[in-house]
$ cat query-v4.tsv   # TSV, C-alpha atoms
chain	number	residue	atom	x	y	z
A	158	MET	CA	12.99	-10.65	-21.21
A	159	ARG	CA	12.60	-7.00	-20.27
A	160	THR	CA	12.81	-7.86	-16.55
A	161	ARG	CA	15.97	-9.89	-17.05
A	162	HIS	CA	17.50	-7.01	-19.00
A	163	ILE	CA	16.72	-4.54	-16.21
A	164	LEU	CA	18.12	-6.89	-13.58
A	165	ALA	CA	21.27	-7.28	-15.64
A	166	LEU	CA	21.70	-3.50	-15.69
A	167	LEU	CA	21.67	-3.50	-11.88
A	168	LEU	CA	24.78	-5.65	-11.64
A	169	PRO	CA	27.34	-2.96	-12.60
A	170	ALA	CA	25.88	-0.67	-9.94
A	171	ALA	CA	25.91	-3.55	-7.51
A	172	MET	CA	29.61	-4.19	-8.12
A	173	MET	CA	30.41	-0.58	-7.21
A	174	LEU	CA	28.88	-1.16	-3.78
A	175	GLY	CA	30.75	-4.39	-3.14
A	176	ALA	CA	33.35	-2.78	-0.88
A	177	ALA	CA	30.81	-1.88	1.81
A	178	ASP	CA	31.08	-3.58	5.22
A	179	GLU	CA	27.41	-4.49	5.30
A	180	PRO	CA	25.24	-5.99	2.55
A	181	GLN	CA	23.58	-3.42	0.32
A	182	LEU	CA	20.35	-3.38	-1.67
A	183	VAL	CA	19.97	-2.02	-5.20
A	184	PRO	CA	16.18	-1.90	-5.62
A	185	ASP	CA	13.83	-0.65	-8.30
A	186	VAL	CA	10.17	-0.80	-9.26
A	187	SER	CA	8.54	-1.35	-12.65
A	188	GLN	CA	6.50	1.88	-12.46
A	189	ARG	CA	7.57	5.06	-10.69
A	190	GLU	CA	4.31	6.74	-11.71
A	191	VAL	CA	0.82	5.22	-11.85
A	192	ILE	CA	-1.85	7.12	-13.79
A	193	ILE	CA	-5.50	6.78	-12.78
A	194	GLN	CA	-7.97	7.26	-15.62
A	195	TYR	CA	-11.64	6.35	-16.03
A	196	SER	CA	-10.69	2.85	-17.19
A	197	PHE	CA	-8.22	2.20	-14.33
A	198	THR	CA	-8.76	-1.29	-12.90
A	199	GLY	CA	-5.64	-1.47	-10.76
A	200	ALA	CA	-1.99	-2.18	-11.46
A	201	ASN	CA	0.46	-5.00	-10.90
A	202	LEU	CA	3.81	-3.60	-9.76
A	203	LEU	CA	7.07	-5.50	-10.01
A	204	LEU	CA	9.54	-4.80	-7.20
A	205	PHE	CA	12.98	-6.15	-8.03
A	206	GLY	CA	16.67	-5.60	-7.43
A	207	ALA	CA	20.00	-7.03	-6.33
A	208	ILE	CA	21.69	-7.90	-3.04
A	209	VAL	CA	25.33	-6.86	-2.83
A	210	TYR	CA	27.51	-8.67	-0.30
A	211	PRO	CA	30.90	-7.39	0.93
A	212	GLY	CA	33.60	-8.78	-1.32
A	213	GLY	CA	30.95	-10.59	-3.31
A	214	VAL	CA	30.89	-13.42	-0.74
A	215	ARG	CA	27.41	-14.74	-0.02
A	216	PRO	CA	26.60	-16.09	3.45
A	217	GLU	CA	26.23	-19.84	3.89
A	218	LYS	CA	22.67	-19.41	5.12
A	219	PRO	CA	20.46	-17.72	2.46
A	220	ALA	CA	19.10	-14.30	3.37
A	221	ASP	CA	15.44	-13.32	3.19
A	222	ILE	CA	13.76	-10.41	1.44
A	223	VAL	CA	10.63	-8.54	2.50
A	224	VAL	CA	9.05	-5.88	0.26
A	225	VAL	CA	6.36	-3.46	1.42
A	226	LEU	CA	4.27	-1.16	-0.75
A	227	LYS	CA	2.60	1.52	1.36
A	228	GLY	CA	0.22	4.39	0.55
A	229	PRO	CA	-0.31	7.76	2.26
A	230	ASP	CA	-1.46	7.74	5.88
A	231	GLN	CA	-4.80	9.23	6.84
A	232	SER	CA	-6.88	9.82	9.93
A	233	ILE	CA	-9.94	7.57	9.99
A	234	LEU	CA	-12.93	7.29	12.32
A	235	MET	CA	-14.27	3.77	12.82
A	236	ARG	CA	-17.85	3.35	14.04
A	237	GLU	CA	-19.36	0.21	15.46
A	238	LYS	CA	-23.04	-0.50	14.83
A	239	GLN	CA	-25.36	-2.22	17.27
A	240	GLN	CA	-28.92	-3.45	16.85
A	241	ILE	CA	-31.28	-1.70	19.27
A	242	ALA	CA	-35.05	-2.25	19.13
A	243	GLY	CA	-34.72	-3.80	15.69
A	244	MET	CA	-32.70	-0.90	14.25
A	245	TRP	CA	-28.97	-0.62	13.54
A	246	VAL	CA	-27.48	2.49	15.15
A	247	ASN	CA	-23.98	3.85	15.68
A	248	ALA	CA	-22.54	2.83	19.05
A	249	ASP	CA	-18.86	2.95	20.01
A	250	SER	CA	-16.28	4.65	17.80
A	251	ALA	CA	-12.51	4.90	17.54
A	252	ARG	CA	-10.19	7.22	15.65
A	253	PHE	CA	-6.86	6.14	14.19
A	254	GLU	CA	-4.54	9.02	13.31
A	255	SER	CA	-2.14	7.31	10.91
A	256	ALA	CA	-3.81	4.41	9.11
A	257	PRO	CA	-2.18	3.68	5.73
A	258	THR	CA	-4.65	3.96	2.86
A	259	PHE	CA	-2.91	1.03	1.18
A	260	TYR	CA	-0.53	-1.66	2.43
A	261	ALA	CA	0.86	-4.65	0.55
A	262	MET	CA	3.66	-6.94	1.69
A	263	ALA	CA	5.46	-9.89	0.13
A	264	SER	CA	8.23	-11.98	1.65
A	265	SER	CA	10.49	-14.85	0.67
A	266	ARG	CA	9.09	-16.90	3.58
A	267	PRO	CA	6.32	-16.41	6.14
A	268	ILE	CA	7.19	-13.44	8.36
A	269	ASP	CA	7.12	-15.47	11.59
A	270	LYS	CA	9.85	-17.66	10.08
A	271	ILE	CA	12.03	-14.65	9.23
A	272	VAL	CA	11.90	-12.24	12.19
A	273	ASP	CA	10.62	-12.21	15.77
A	274	GLU	CA	7.58	-10.26	16.97
A	275	ARG	CA	9.62	-7.28	18.14
A	276	THR	CA	11.46	-6.81	14.84
A	277	ALA	CA	8.24	-7.23	12.87
A	278	ALA	CA	6.61	-4.52	15.00
A	279	ILE	CA	9.55	-2.11	14.62
A	280	TYR	CA	9.50	-2.33	10.81
A	281	GLU	CA	5.71	-2.83	10.52
A	282	LEU	CA	6.06	-6.14	8.71
A	283	GLY	CA	2.45	-7.29	8.46
A	284	VAL	CA	-0.94	-5.66	8.72
A	285	ASP	CA	-1.23	-6.79	12.35
A	286	LYS	CA	1.97	-4.84	13.11
A	287	LEU	CA	0.85	-1.49	11.69
A	288	GLN	CA	1.19	1.47	14.08
A	289	LEU	CA	-2.22	3.09	13.65
A	290	SER	CA	-1.87	5.67	16.47
A	291	PRO	CA	-5.28	5.38	18.16
A	292	SER	CA	-6.33	8.67	19.76
A	293	SER	CA	-9.52	7.77	21.58
A	294	LEU	CA	-9.07	4.32	23.13
A	295	ASN	CA	-7.47	3.16	26.36
A	296	ASP	CA	-8.80	-0.36	26.70
A	297	SER	CA	-6.55	-2.86	24.87
A	298	ALA	CA	-9.38	-5.30	24.12
A	299	GLU	CA	-11.47	-2.52	22.59
A	300	LEU	CA	-8.48	-1.29	20.59
A	301	ASP	CA	-7.84	-4.79	19.21
A	302	ARG	CA	-11.50	-5.10	18.18
A	303	PHE	CA	-11.53	-1.84	16.24
A	304	GLN	CA	-8.12	-2.49	14.68
A	305	THR	CA	-9.26	-5.95	13.57
A	306	GLY	CA	-12.36	-4.36	12.05
A	307	LEU	CA	-10.31	-1.82	10.13
A	308	VAL	CA	-7.94	-4.48	8.79
A	309	ASP	CA	-10.89	-6.66	7.76
A	310	LEU	CA	-12.61	-3.81	5.88
A	311	ARG	CA	-9.49	-2.87	3.95
A	312	ASP	CA	-8.57	-6.46	3.30
A	313	ARG	CA	-11.98	-7.07	1.66
A	314	ALA	CA	-11.52	-3.89	-0.41
A	315	GLY	CA	-8.13	-5.12	-1.67
A	316	LEU	CA	-6.31	-2.31	0.16
A	317	PHE	CA	-4.44	-4.56	2.61
A	318	VAL	CA	-2.54	-7.45	1.01
A	319	GLU	CA	-0.09	-10.02	2.38
A	320	ARG	CA	1.74	-12.53	0.17
A	321	PRO	CA	4.16	-14.70	2.14
A	322	GLY	CA	6.50	-16.67	-0.08
A	323	ALA	CA	5.88	-14.42	-3.10
A	324	VAL	CA	9.43	-13.01	-3.26
A	325	GLU	CA	11.66	-15.00	-5.61
A	326	ILE	CA	15.42	-14.90	-5.00
A	327	SER	CA	17.68	-16.07	-7.85
A	328	ASP	CA	21.26	-17.23	-7.21
A	329	GLY	CA	21.07	-15.59	-3.79
A	330	VAL	CA	21.50	-12.08	-5.21
A	331	LEU	CA	18.62	-11.15	-7.52
A	332	TYR	CA	15.10	-10.82	-6.16
A	333	ARG	CA	11.67	-10.00	-7.56
A	334	ALA	CA	8.08	-9.84	-6.36
A	335	ARG	CA	4.77	-8.66	-7.77
A	336	LEU	CA	2.29	-6.72	-5.67
A	337	PRO	CA	-1.20	-5.64	-6.74
A	338	LEU	CA	-2.25	-2.00	-6.55
A	339	SER	CA	-6.01	-1.87	-6.02
A	340	ALA	CA	-8.27	0.18	-8.28
A	341	ARG	CA	-9.53	1.85	-5.08
A	342	VAL	CA	-6.22	3.48	-4.17
A	343	ILE	CA	-6.14	7.24	-3.63
A	344	VAL	CA	-3.76	9.66	-5.31
A	345	GLY	CA	-0.59	10.58	-3.46
A	346	ASN	CA	2.97	9.52	-2.74
A	347	TYR	CA	3.61	5.82	-2.14
A	348	THR	CA	6.76	4.04	-0.96
A	349	ALA	CA	8.20	0.70	-2.02
A	350	GLU	CA	10.43	-0.52	0.83
A	351	THR	CA	12.80	-3.49	0.63
A	352	PHE	CA	14.30	-5.19	3.70
A	353	LEU	CA	17.18	-7.66	3.70
A	354	VAL	CA	17.01	-10.02	6.69
A	355	GLN	CA	19.79	-12.31	7.93
A	356	ASP	CA	19.49	-14.50	11.02
A	357	GLY	CA	16.38	-12.63	12.12
A	358	ARG	CA	18.02	-9.20	11.83
A	359	VAL	CA	17.30	-6.47	9.27
A	360	VAL	CA	20.77	-5.74	7.89
A	361	ALA	CA	19.83	-3.47	4.96
A	362	ALA	CA	16.85	-1.45	3.77
A	363	ALA	CA	16.09	0.71	0.76
A	364	VAL	CA	13.15	2.80	-0.45
A	365	ARG	CA	11.83	3.82	-3.85
A	366	ASP	CA	9.09	6.43	-4.27
A	367	ILE	CA	5.99	5.92	-6.42
A	368	THR	CA	3.50	8.60	-7.41
A	369	VAL	CA	-0.16	7.82	-8.03
A	370	ARG	CA	-2.04	10.61	-9.79
A	371	LYS	CA	-5.13	11.21	-11.87
A	372	SER	CA	-5.12	12.24	-15.51
A	373	GLY	CA	-7.57	13.60	-18.05
A	374	PHE	CA	-11.16	14.27	-17.01
A	375	GLU	CA	-10.62	12.67	-13.58
A	376	GLN	CA	-7.77	15.09	-12.87
A	377	PHE	CA	-9.90	18.04	-14.03
A	378	MET	CA	-12.78	17.06	-11.73
A	379	ALA	CA	-10.48	16.52	-8.77
A	380	SER	CA	-8.79	19.89	-9.31
A	381	ALA	CA	-12.15	21.63	-9.71
A	382	ALA	CA	-13.46	20.11	-6.47
A	383	GLU	CA	-10.33	21.18	-4.60
A	384	ASN	CA	-9.67	24.64	-6.09
A	385	TRP	CA	-13.18	25.85	-6.96
A	386	SER	CA	-15.29	23.98	-4.43
A	387	PHE	CA	-18.19	26.50	-4.37
A	388	LEU	CA	-18.54	26.61	-8.15
A	389	TYR	CA	-18.09	22.84	-8.34
A	390	GLY	CA	-20.96	22.39	-5.87
A	391	LEU	CA	-23.26	24.71	-7.83
A	392	VAL	CA	-22.52	22.90	-11.08
A	393	ALA	CA	-23.10	19.51	-9.44
A	394	ILE	CA	-26.47	20.67	-8.08
A	395	ALA	CA	-27.46	22.13	-11.47
A	396	LEU	CA	-26.54	18.89	-13.22
A	397	ALA	CA	-28.52	16.82	-10.70
A	398	VAL	CA	-31.60	19.05	-11.07
A	399	GLY	CA	-31.28	19.02	-14.87
A	400	MET	CA	-30.97	15.24	-15.05
A	401	GLY	CA	-33.95	14.85	-12.70
A	402	TRP	CA	-36.08	17.20	-14.81
A	403	ALA	CA	-35.06	15.40	-18.01
A	404	ALA	CA	-35.89	12.00	-16.52
A	405	GLY	CA	-39.33	13.29	-15.40
A	406	ALA	CA	-40.04	14.77	-18.85
A	407	ILE	CA	-39.16	11.49	-20.57
A	408	ALA	CA	-41.32	9.54	-18.13
A	409	ARG	CA	-44.33	11.80	-18.76
A	410	ARG	CA	-44.04	11.32	-22.53
A	411	LEU	CA	-43.88	7.58	-22.14
$ encode --input "query-v4.tsv" --output "C-alpha cells"
Amino acid sequence: MRTRHILALLLPAAMMLGAADEPQLVPDVSQREVIIQYSFTGANLLLFGAIVYPGGVRPEKPADIVVVLKGPDQSILMREKQQIAGMWVNADSARFESAPTFYAMASSRPIDKIVDERTAAIYELGVDKLQLSPSSLNDSAELDRFQTGLVDLRDRAGLFVERPGAVEISDGVLYRARLPLSARVIVGNYTAETFLVQDGRVVAAAVRDITVRKSGFEQFMASAAENWSFLYGLVAIALAVGMGWAAGAIARRL
C-alpha cells in the first residue's frame, strides 16, 4: 500500500512534465540513506517511478526500463596464482583503475533484447560492459581473463548482480524493481540510474543519489582508524596482547 501511495504522488509531478518533446522519467528510491550497524545484513532497495510521454500519448510499442545501482569506484590489483613445485605463488597481475565496488542491474527484458552491444557498452548496461580502465595490460586475451576473474569474485560475494526481467511496468507508465544491497558494501556515495529505452535507443535517463554510511560503534571505529591512525594502532596492539595474555592465564588455570 505504501508503494502504491508513493507512486500515486508521482503522477502530479509527471503531469507537469507532459509538455516536453521527449519522454521524461520521474524516479525515486525507497531509501536515500542506508545505515550500516553491527547487525547489518544487507538491504533490499525499491527503485520506482513514472514515465511521462509528450501529451500523455504512449507509443504503440511498449518501452523498456533498465535500472542500475552502482557503488563508488576504486582501484584494485588482481593477482593470478599458479602452482609451482607444489606451492601456490603469485604470478601475473593486473590493475583496474575504476572498478565499481558494487553493481546491480535490473531490466524489463534481457539486455540483448533491448539494446545493441554498442549502446550497452556506452551506458555500461551489464557487468560485462563495465569500463574498468586497466592500467597494466595490453594483451586483449589477458585483459579478458583478469576481467572475468574480477567479475566472478564480486559475483560470488554478492557485489555484482544482474536481474533481467525484474523490472515491472504497470499500464505502460509506472515502473518498479527491487535490487539487493549486499552486506559487504562499503560506505560512500551510490547512484541509482534509470534508463528509458525505445526501439533500441536510450531516450531518457535520470539519477538519484544514495548514501551508505556507518553508525554507532562502527562509525566510531572507522573514524578513529582514519583520524587517529597511530593511536588506533597502539590500542589495537594493546588489546591483542591483553587478550592473548588473558587466554594464556585461563589456559594455565585449567
$ atom_distance --input "query-v4.tsv" --atom1 "CA of Leu331 (chain A)" --atom2 "CA of Arg365 (chain A)"
16.8 Å
$ residues_around --input "query-v4.tsv" --residues "region 196-201 of chain A" --least-positions-apart "4" --cutoff "8 Å" --atoms "all atoms listed in the file" --output "ChimeraX atom specification"
/A:191,335-341
$ residues_around --input "query-v4.tsv" --residues "Glu254 (chain A)" --least-positions-apart "3" --cutoff "7 Å" --atoms "all atoms listed in the file" --output "PDB file with C-alpha atoms, in the frame of the given file"
ATOM      1  CA  GLN A 231      -4.800   9.230   6.840  1.00  0.00           C
ATOM      2  CA  SER A 232      -6.880   9.820   9.930  1.00  0.00           C
ATOM      3  CA  ILE A 233      -9.940   7.570   9.990  1.00  0.00           C
ATOM      4  CA  LEU A 289      -2.220   3.090  13.650  1.00  0.00           C
ATOM      5  CA  SER A 290      -1.870   5.670  16.470  1.00  0.00           C
ATOM      6  CA  PRO A 291      -5.280   5.380  18.160  1.00  0.00           C
ATOM      7  CA  SER A 292      -6.330   8.670  19.760  1.00  0.00           C
TER       8      SER A 292
END
$ atom_distance --input "query-v4.tsv" --atom1 "CA of Leu353 (chain A)" --atom2 "CA of Asp185 (chain A)"
14.3 Å
$ closest_residue --input "query-v4.tsv" --among "A:Val354, A:Ala349, A:Ile279, A:Ile268" --to "Leu203 (chain A)" --atoms "all atoms listed in the file"
A:Ala349
$ closest_residue --input "query-v4.tsv" --among "A:Ile394, A:Ile193, A:Ala277, A:Leu307" --to "Arg236 (chain A)" --atoms "only C-alpha atoms"
A:Leu307
$ atom_distance --input "query-v4.tsv" --atom1 "CA of Asp273 (chain A)" --atom2 "CA of Gly357 (chain A)"
6.8 Å
$ residues_around --input "query-v4.tsv" --residues "Leu287 (chain A)" --least-positions-apart "3" --cutoff "9 Å" --atoms "all atoms listed in the file" --output "number ranges by chain"
A: 256-257, 278, 280-284
$ residues_around --input "query-v4.tsv" --residues "Pro321 (chain A)" --least-positions-apart "5" --cutoff "12 Å" --atoms "all atoms listed in the file" --output "ChimeraX atom specification"
/A:221-225,261-271,282-283,334-336
$ closest_residue --input "query-v4.tsv" --among "A:Thr276, A:Asp230, A:Thr351, A:Ile208" --to "Ser255 (chain A)" --atoms "all atoms listed in the file"
A:Asp230
$ closest_residue --input "query-v4.tsv" --among "A:Tyr332, A:Tyr260, A:Tyr347, A:Phe303" --to "Arg320 (chain A)" --atoms "only C-alpha atoms"
A:Tyr260
$ closest_residue --input "query-v4.tsv" --among "A:Val272, A:Gln304, A:Pro229, A:Ala207" --to "Phe253 (chain A)" --atoms "all atoms listed in the file"
A:Gln304
$ closest_residue --input "query-v4.tsv" --among "A:Phe205, A:Thr258, A:Gln288, A:Leu300" --to "Val324 (chain A)" --atoms "only C-alpha atoms"
A:Phe205
$ decode --input "query-v4.tsv" --residues "region 185-208 of chain A" --atoms "N, CA, C and O atoms" --output "PDB file, in the first residue's frame"
ATOM      1  N   ASP A 185      12.448   7.544  -8.213  1.00  0.00           N
ATOM      2  CA  ASP A 185      12.745   7.669  -6.785  1.00  0.00           C
ATOM      3  C   ASP A 185      13.236   6.318  -6.278  1.00  0.00           C
ATOM      4  O   ASP A 185      13.184   5.319  -6.994  1.00  0.00           O
ATOM      5  N   VAL A 186      13.694   6.325  -5.039  1.00  0.00           N
ATOM      6  CA  VAL A 186      14.218   5.108  -4.425  1.00  0.00           C
ATOM      7  C   VAL A 186      13.697   5.028  -3.000  1.00  0.00           C
ATOM      8  O   VAL A 186      13.460   6.062  -2.360  1.00  0.00           O
ATOM      9  N   SER A 187      13.477   3.831  -2.502  1.00  0.00           N
ATOM     10  CA  SER A 187      12.838   3.656  -1.194  1.00  0.00           C
ATOM     11  C   SER A 187      13.697   4.170  -0.046  1.00  0.00           C
ATOM     12  O   SER A 187      13.172   4.573   0.990  1.00  0.00           O
ATOM     13  N   GLN A 188      15.023   4.166  -0.199  1.00  0.00           N
ATOM     14  CA  GLN A 188      15.917   4.656   0.844  1.00  0.00           C
ATOM     15  C   GLN A 188      16.983   5.541   0.220  1.00  0.00           C
ATOM     16  O   GLN A 188      17.720   5.092  -0.650  1.00  0.00           O
ATOM     17  N   ARG A 189      17.045   6.796   0.664  1.00  0.00           N
ATOM     18  CA  ARG A 189      18.109   7.682   0.198  1.00  0.00           C
ATOM     19  C   ARG A 189      19.356   7.543   1.061  1.00  0.00           C
ATOM     20  O   ARG A 189      20.427   7.993   0.677  1.00  0.00           O
ATOM     21  N   GLU A 190      19.202   6.921   2.233  1.00  0.00           N
ATOM     22  CA  GLU A 190      20.323   6.731   3.145  1.00  0.00           C
ATOM     23  C   GLU A 190      20.243   5.335   3.748  1.00  0.00           C
ATOM     24  O   GLU A 190      19.201   4.935   4.255  1.00  0.00           O
ATOM     25  N   VAL A 191      21.347   4.602   3.668  1.00  0.00           N
ATOM     26  CA  VAL A 191      21.426   3.255   4.235  1.00  0.00           C
ATOM     27  C   VAL A 191      22.439   3.286   5.371  1.00  0.00           C
ATOM     28  O   VAL A 191      23.587   3.713   5.187  1.00  0.00           O
ATOM     29  N   ILE A 192      22.014   2.853   6.560  1.00  0.00           N
ATOM     30  CA  ILE A 192      22.864   2.882   7.748  1.00  0.00           C
ATOM     31  C   ILE A 192      23.431   1.493   8.001  1.00  0.00           C
ATOM     32  O   ILE A 192      22.689   0.513   8.076  1.00  0.00           O
ATOM     33  N   ILE A 193      24.751   1.404   8.137  1.00  0.00           N
ATOM     34  CA  ILE A 193      25.409   0.143   8.446  1.00  0.00           C
ATOM     35  C   ILE A 193      25.713   0.093   9.933  1.00  0.00           C
ATOM     36  O   ILE A 193      26.449   0.934  10.455  1.00  0.00           O
ATOM     37  N   GLN A 194      25.131  -0.878  10.622  1.00  0.00           N
ATOM     38  CA  GLN A 194      25.405  -1.122  12.029  1.00  0.00           C
ATOM     39  C   GLN A 194      25.921  -2.553  12.189  1.00  0.00           C
ATOM     40  O   GLN A 194      26.040  -3.291  11.208  1.00  0.00           O
ATOM     41  N   TYR A 195      26.213  -2.943  13.415  1.00  0.00           N
ATOM     42  CA  TYR A 195      26.795  -4.263  13.654  1.00  0.00           C
ATOM     43  C   TYR A 195      25.882  -5.383  13.177  1.00  0.00           C
ATOM     44  O   TYR A 195      26.337  -6.471  12.831  1.00  0.00           O
ATOM     45  N   SER A 196      24.581  -5.139  13.169  1.00  0.00           N
ATOM     46  CA  SER A 196      23.622  -6.173  12.774  1.00  0.00           C
ATOM     47  C   SER A 196      23.226  -6.079  11.299  1.00  0.00           C
ATOM     48  O   SER A 196      22.297  -6.760  10.860  1.00  0.00           O
ATOM     49  N   PHE A 197      23.917  -5.253  10.519  1.00  0.00           N
ATOM     50  CA  PHE A 197      23.537  -5.038   9.120  1.00  0.00           C
ATOM     51  C   PHE A 197      23.752  -6.312   8.298  1.00  0.00           C
ATOM     52  O   PHE A 197      24.845  -6.862   8.261  1.00  0.00           O
ATOM     53  N   THR A 198      22.707  -6.786   7.658  1.00  0.00           N
ATOM     54  CA  THR A 198      22.781  -7.994   6.838  1.00  0.00           C
ATOM     55  C   THR A 198      22.460  -7.712   5.380  1.00  0.00           C
ATOM     56  O   THR A 198      22.198  -8.627   4.603  1.00  0.00           O
ATOM     57  N   GLY A 199      22.488  -6.444   5.012  1.00  0.00           N
ATOM     58  CA  GLY A 199      22.142  -6.065   3.647  1.00  0.00           C
ATOM     59  C   GLY A 199      20.810  -5.338   3.612  1.00  0.00           C
ATOM     60  O   GLY A 199      20.114  -5.214   4.625  1.00  0.00           O
ATOM     61  N   ALA A 200      20.472  -4.827   2.453  1.00  0.00           N
ATOM     62  CA  ALA A 200      19.213  -4.099   2.286  1.00  0.00           C
ATOM     63  C   ALA A 200      18.594  -4.481   0.945  1.00  0.00           C
ATOM     64  O   ALA A 200      19.276  -4.967   0.040  1.00  0.00           O
ATOM     65  N   ASN A 201      17.303  -4.266   0.846  1.00  0.00           N
ATOM     66  CA  ASN A 201      16.570  -4.531  -0.384  1.00  0.00           C
ATOM     67  C   ASN A 201      15.939  -3.220  -0.830  1.00  0.00           C
ATOM     68  O   ASN A 201      14.948  -2.773  -0.249  1.00  0.00           O
ATOM     69  N   LEU A 202      16.530  -2.581  -1.833  1.00  0.00           N
ATOM     70  CA  LEU A 202      16.079  -1.254  -2.252  1.00  0.00           C
ATOM     71  C   LEU A 202      15.034  -1.359  -3.362  1.00  0.00           C
ATOM     72  O   LEU A 202      15.173  -2.163  -4.288  1.00  0.00           O
ATOM     73  N   LEU A 203      14.022  -0.523  -3.246  1.00  0.00           N
ATOM     74  CA  LEU A 203      12.984  -0.440  -4.274  1.00  0.00           C
ATOM     75  C   LEU A 203      13.245   0.800  -5.120  1.00  0.00           C
ATOM     76  O   LEU A 203      13.274   1.920  -4.611  1.00  0.00           O
ATOM     77  N   LEU A 204      13.468   0.595  -6.416  1.00  0.00           N
ATOM     78  CA  LEU A 204      13.610   1.693  -7.368  1.00  0.00           C
ATOM     79  C   LEU A 204      12.311   1.771  -8.154  1.00  0.00           C
ATOM     80  O   LEU A 204      11.883   0.778  -8.758  1.00  0.00           O
ATOM     81  N   PHE A 205      11.690   2.922  -8.156  1.00  0.00           N
ATOM     82  CA  PHE A 205      10.374   3.042  -8.780  1.00  0.00           C
ATOM     83  C   PHE A 205      10.205   4.433  -9.377  1.00  0.00           C
ATOM     84  O   PHE A 205      11.031   5.330  -9.158  1.00  0.00           O
ATOM     85  N   GLY A 206       9.143   4.615 -10.140  1.00  0.00           N
ATOM     86  CA  GLY A 206       8.895   5.932 -10.713  1.00  0.00           C
ATOM     87  C   GLY A 206       7.861   5.885 -11.816  1.00  0.00           C
ATOM     88  O   GLY A 206       7.131   4.897 -11.988  1.00  0.00           O
ATOM     89  N   ALA A 207       7.811   6.973 -12.592  1.00  0.00           N
ATOM     90  CA  ALA A 207       6.818   7.113 -13.661  1.00  0.00           C
ATOM     91  C   ALA A 207       7.490   7.556 -14.955  1.00  0.00           C
ATOM     92  O   ALA A 207       8.512   8.235 -14.943  1.00  0.00           O
ATOM     93  N   ILE A 208       6.892   7.127 -16.068  1.00  0.00           N
ATOM     94  CA  ILE A 208       7.328   7.554 -17.398  1.00  0.00           C
ATOM     95  C   ILE A 208       6.319   8.572 -17.912  1.00  0.00           C
ATOM     96  O   ILE A 208       5.112   8.307 -17.917  1.00  0.00           O
TER      97      ILE A 208
END
